[in-house]
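Q: So I've got this file, start_0.cif, and it contains mmCIF, C-alpha atoms:
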```
data_upload
#
loop_
_atom_site.label_atom_id
_atom_site.label_comp_id
_atom_site.auth_asym_id
_atom_site.auth_seq_id
_atom_site.Cartn_x
_atom_site.Cartn_y
_atom_site.Cartn_z
CA MET Q 7 82.42 136.30 72.02
CA GLN Q 8 81.76 140.00 72.33
CA PRO Q 9 80.77 141.37 75.76
CA LYS Q 10 77.37 143.01 76.15
CA PHE Q 11 77.02 146.77 76.58
CA GLU Q 12 75.81 146.41 80.19
CA THR Q 13 78.85 144.25 81.03
CA ILE Q 14 81.15 146.94 79.65
CA ILE Q 15 79.42 149.66 81.68
CA ASP Q 16 79.73 147.54 84.86
CA TYR Q 17 83.40 146.94 84.08
CA CYS Q 18 84.01 150.68 83.62
CA LYS Q 19 82.35 151.43 86.96
CA SER Q 20 84.47 148.79 88.71
CA LYS Q 21 87.67 150.24 87.21
CA ASN Q 22 86.68 153.94 87.61
CA ILE Q 23 86.82 154.47 83.85
CA GLN Q 24 84.90 157.67 83.18
CA LEU Q 25 82.57 157.28 80.23
CA THR Q 26 81.12 160.47 78.84
CA ASN Q 27 77.81 160.29 77.00
CA GLN Q 28 79.70 160.30 73.68
CA ARG Q 29 82.02 157.46 74.76
CA SER Q 30 79.03 155.44 76.00
CA LEU Q 31 77.27 155.92 72.67
CA ILE Q 32 80.38 154.78 70.78
CA ILE Q 33 80.72 151.70 73.00
CA ARG Q 34 77.02 150.92 72.39
CA ILE Q 35 77.52 151.22 68.61
CA ILE Q 36 80.53 148.92 68.66
CA ALA Q 37 78.87 146.47 71.09
CA THR Q 38 75.76 146.10 68.94
CA THR Q 39 77.67 145.46 65.72
CA PRO Q 40 78.95 141.91 65.22
CA ASP Q 41 81.78 143.01 62.91
CA GLN Q 42 84.62 145.43 63.39
CA LEU Q 43 83.94 149.03 62.34
CA THR Q 44 85.99 151.83 60.85
CA ALA Q 45 86.05 155.22 62.56
CA ASN Q 46 83.98 156.59 59.68
CA GLU Q 47 81.32 153.89 60.09
CA ILE Q 48 81.16 154.64 63.82
CA LEU Q 49 80.86 158.36 63.08
CA ILE Q 50 77.98 157.80 60.63
CA ASP Q 51 76.09 155.75 63.23
CA LEU Q 52 76.89 158.26 65.97
CA GLN Q 53 75.63 161.19 63.88
CA LYS Q 54 72.24 159.46 63.65
CA ILE Q 55 72.01 159.86 67.44
CA ASN Q 56 74.09 163.01 67.86
CA PRO Q 57 74.15 165.11 64.66
CA LYS Q 58 76.84 167.39 66.15
CA ALA Q 59 79.39 164.56 66.39
CA ASN Q 60 82.47 165.14 64.26
CA ARG Q 61 85.69 163.41 63.27
CA MET Q 62 87.82 165.08 65.94
CA THR Q 63 85.55 164.11 68.83
CA ILE Q 64 85.19 160.55 67.60
CA HIS Q 65 88.95 160.09 67.20
CA ARG Q 66 89.57 161.43 70.71
CA ALA Q 67 86.91 159.10 72.11
CA LEU Q 68 88.31 156.10 70.21
CA GLU Q 69 91.80 156.89 71.48
CA PHE Q 70 90.50 157.07 75.07
CA LEU Q 71 88.57 153.80 74.72
CA THR Q 72 91.63 152.10 73.20
CA ASP Q 73 93.93 153.39 75.96
CA ALA Q 74 91.41 152.20 78.57
CA GLY Q 75 91.59 148.69 77.07
CA LEU Q 76 87.90 148.60 76.16
CA ILE Q 77 88.42 148.38 72.41
CA HIS Q 78 91.21 147.32 70.08
CA LYS Q 79 92.42 149.32 67.12
CA ILE Q 80 93.23 146.90 64.32
CA ALA Q 81 95.98 148.32 62.09
CA PHE Q 82 95.51 145.68 59.38
CA ASN Q 83 92.24 147.18 58.16
CA HIS Q 84 91.93 150.38 60.27
CA THR Q 85 88.99 149.10 62.30
CA TYR Q 86 87.90 148.98 65.93
CA LYS Q 87 86.39 146.14 67.90
CA LEU Q 88 85.51 145.45 71.53
CA CYS Q 89 88.01 143.68 73.72
CA ALA Q 90 86.59 140.22 74.32
CA HIS Q 91 88.56 139.66 77.53
CA LEU Q 92 87.68 142.54 79.85
CA TYR Q 93 87.41 140.50 83.05
CA CYS Q 94 90.36 138.18 82.45
CA LYS Q 95 92.98 138.02 85.16
CA HIS Q 96 95.88 137.83 82.70
CA ASP Q 97 98.25 140.64 81.72
CA HIS Q 98 95.80 141.65 79.00
CA HIS Q 99 98.17 141.13 76.09
CA CYS Q 100 96.22 139.48 73.32
CA GLN Q 101 96.50 138.35 69.76
CA ILE Q 102 94.03 138.95 66.94
CA LEU Q 103 93.85 136.33 64.21
CA ILE Q 104 92.89 138.16 61.01
CA CYS Q 105 91.84 136.47 57.78
CA GLN Q 106 93.53 138.29 54.91
CA LYS Q 107 90.80 137.23 52.51
CA CYS Q 108 87.51 137.95 54.31
CA GLY Q 109 88.73 140.15 57.17
CA ASN Q 110 87.26 137.91 59.89
CA GLN Q 111 88.89 138.56 63.27
CA THR Q 112 89.23 136.32 66.30
CA GLU Q 113 90.67 137.59 69.57
CA ILE Q 114 92.72 135.09 71.55
CA HIS Q 115 94.92 135.20 74.60
CA ASN Q 116 97.76 132.72 74.47
CA PRO Q 117 100.25 133.15 77.33
CA GLN Q 118 102.93 131.17 75.47
CA ILE Q 119 102.76 133.50 72.45
CA THR Q 120 102.68 136.55 74.73
CA GLY Q 121 105.63 135.31 76.77
CA ALA Q 122 107.75 134.52 73.73
CA LEU Q 123 106.99 137.85 72.07
CA LEU Q 124 107.66 139.84 75.26
CA GLU Q 125 110.99 138.04 75.73
CA ILE Q 126 112.02 138.73 72.13
CA SER Q 127 110.92 142.36 72.35
CA LYS Q 128 112.87 142.84 75.60
CA THR Q 129 116.00 141.32 74.04
CA HIS Q 130 115.76 143.71 71.10
CA ASN Q 131 114.62 146.76 73.11
CA PHE Q 132 111.39 146.78 71.12
CA LYS Q 133 107.98 147.91 72.35
CA LEU Q 134 105.39 145.31 71.45
CA ALA Q 135 102.04 146.47 70.06
CA ASN Q 136 98.90 145.26 71.75
CA PRO Q 137 97.03 143.53 70.32
CA VAL Q 138 99.46 141.55 68.20
CA GLU Q 139 97.89 141.03 64.79
CA ILE Q 140 98.45 137.65 63.15
CA THR Q 141 97.33 137.36 59.55
CA GLY Q 142 96.48 134.25 57.61
CA SER Q 143 93.41 132.40 56.31
CA CYS Q 144 90.35 131.42 58.35
CA ALA Q 145 88.86 127.92 58.09
CA LYS Q 146 86.04 129.09 55.81
CA CYS Q 147 88.41 130.75 53.33
CA GLN Q 148 90.76 127.74 53.43
CA THR Q 149 87.83 125.50 52.48
CA GLU Q 150 86.87 127.84 49.62
CA GLU Q 151 90.48 127.78 48.35
CA ILE Q 152 90.31 123.97 48.08
CA LEU Q 153 87.09 124.00 46.06
#
```
Would you write out, as structure tokens, the structure that this file holds?
A:
Amino acid sequence: MQPKFETIIDYCKSKNIQLTNQRSLIIRIIATTPDQLTANEILIDLQKINPKANRMTIHRALEFLTDAGLIHKIAFNHTYKLCAHLYCKHDHHCQILICQKCGNQTEIHNPQITGALLEISKTHNFKLANPVEITGSCAKCQTEEIL
């Protein structure tokens, strides 16, 4: 479940994450959209509010928000989505289950998967991406494949 905009703002205040007006607007856009968005889709929505917004400023803001752990950049389809686990007490490594057919995404946090992947990455001197993207087929698409 996606956190509400107000929850994200409270989280940022508690962690001293400085949100500029532009970053707040971007968070609001992402928080009020149930699906993941591309940078271009975010820019189009942002320009409705701030016509002076441009690609460079949006990419800088998205990079900041990703680095702050507020959003995830999904490499599979070049989209952004809110982190669903802001207030968790875990190490904040997560996995995103991505349906290759419909693009549906589900964020999970499985300590066993995280532990195994961190151990393997340490053994091979490999820096693990976060989130880890796991592709496959969602339940809905599996059902449609049977029919």
Q: In file coordinates, which residues lie within 12 Å of (79.2, 136.9, 74.8) using only C-alpha atoms, given as a ChimeraX atom specification?
A: /Q:7-14,37-38,40,88-92
Q: Any chance you could work out the residue set of the PyMOL selection byres ((chain Q and resi 139-150) around 10) here, as a list of chain:residue names?
A: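 Evaluating the PyMOL selection byres ((chain Q and resi 139-150) around 10) on these coordinates yields Q:Ile80, Q:Ala81, Q:Phe82, Q:Cys100, Q:Gln101, Q:Ile102, Q:Leu103, Q:Ile104, Q:Cys105, Q:Gln106, Q:Lys107, Q:Cys108, Q:Gly109, Q:Asn110, Q:Gln111, Q:Thr112, Q:Glu113, Q:Ala135, Q:Asn136, Q:Pro137, Q:Val138, Q:Glu151, Q:Ile152, Q:Leu153.
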Q: If I take CA of Lys54 (chain Q) and CA of Ala67 (chain Q), how far is one from the other in Å, to one decimal?
A: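 Interatomic distance here is 16.9 Å.
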Q: Carefully work through the PyMOL selection byres ((chain Q and resi 24) around 12) for this structure and note down the residues it includes, as a compact mmCIF listing (two decimals) with C-alpha atoms, in the frame of the given file.
A:
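The file below, selection_7.txt, is the result:
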```
# COMPACT_ATOMS: atom_id res chain seq x y z
CA ILE Q 14 81.15 146.94 79.65
CA ILE Q 15 79.42 149.66 81.68
CA ASP Q 16 79.73 147.54 84.86
CA TYR Q 17 83.40 146.94 84.08
CA CYS Q 18 84.01 150.68 83.62
CA LYS Q 19 82.35 151.43 86.96
CA SER Q 20 84.47 148.79 88.71
CA LYS Q 21 87.67 150.24 87.21
CA ASN Q 22 86.68 153.94 87.61
CA ILE Q 23 86.82 154.47 83.85
CA LEU Q 25 82.57 157.28 80.23
CA THR Q 26 81.12 160.47 78.84
CA ASN Q 27 77.81 160.29 77.00
CA GLN Q 28 79.70 160.30 73.68
CA ARG Q 29 82.02 157.46 74.76
CA SER Q 30 79.03 155.44 76.00
CA ALA Q 67 86.91 159.10 72.11
CA PHE Q 70 90.50 157.07 75.07
CA LEU Q 71 88.57 153.80 74.72
CA ALA Q 74 91.41 152.20 78.57
CA LEU Q 76 87.90 148.60 76.16
```
Q: Calculate how many Å separate CA of Thr63 (chain Q) from CA of Leu134 (chain Q), rounding to one decimal.
A: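 The value is 27.5 Å.
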Q: Would you list the residues near (82.4, 157.0, 66.4), meaning any protein, DNA or RNA residue with an atom at most 8 Å from that point in file coordinates, counting only C-alpha atoms, as a PyMOL selection string?
A: chain Q and resi 32+35+45-52+61+64-65+67-68
Q: If you keep C-alpha atoms, can you produce a file of those selected residues as a short mmCIF file (atom, residue, chain, number, x, y, z; two decimals), in the frame of the given file?
A:
```cif
data_model
loop_
_atom_site.label_atom_id
_atom_site.label_comp_id
_atom_site.auth_asym_id
_atom_site.auth_seq_id
_atom_site.Cartn_x
_atom_site.Cartn_y
_atom_site.Cartn_z
CA ILE Q 32 80.38 154.78 70.78
CA ILE Q 35 77.52 151.22 68.61
CA ALA Q 45 86.05 155.22 62.56
CA ASN Q 46 83.98 156.59 59.68
CA GLU Q 47 81.32 153.89 60.09
CA ILE Q 48 81.16 154.64 63.82
CA LEU Q 49 80.86 158.36 63.08
CA ILE Q 50 77.98 157.80 60.63
CA ASP Q 51 76.09 155.75 63.23
CA LEU Q 52 76.89 158.26 65.97
CA ARG Q 61 85.69 163.41 63.27
CA ILE Q 64 85.19 160.55 67.60
CA HIS Q 65 88.95 160.09 67.20
CA ALA Q 67 86.91 159.10 72.11
CA LEU Q 68 88.31 156.10 70.21
#
```
Q: May I have the centre and edge lengths, in Å to one decimal, of an axis-aligned box around the listed atoms of region 49-60 of chain Q with 8 Å added to every side, as lines of an AutoDock Vina configuration file?
A:
```
center_x = 77.2
center_y = 161.6
center_z = 64.2
size_x = 26.5
size_y = 27.6
size_z = 23.2
```
Q: Could you check how far CA of Pro117 (chain Q) sits from CA of Tyr86 (chain Q), in Å to one decimal?
A: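 Computed distance, CA of Pro117 (chain Q) to CA of Tyr86 (chain Q), equals 23.1 Å.
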Q: Between Q:His84, Q:Met62, Q:Glu69, Q:Ala122, which is the closest to Leu43 (chain Q) once you count only C-alpha atoms?
A: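 Between Q:His84, Q:Met62, Q:Glu69, Q:Ala122, the residue approaching Leu43 (chain Q) most closely is Q:His84.
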Q: Find the residue from Q:Thr39, Q:His130, Q:His99, Q:His78 that sits nearest to Ile114 (chain Q); use only C-alpha atoms when measuring.
A: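 Once distances to Ile114 (chain Q) are computed over only C-alpha atoms, the minimum belongs to Q:His99.
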Q: In terms of the shortest atom-to-atom distance over only C-alpha atoms, which of Q:Glu125, Q:His115, Q:Thr120, Q:Lys87 is closest to Arg34 (chain Q)?
A: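 Looking only at the distances to Arg34 (chain Q), the closest residue turns out to be Q:Lys87.
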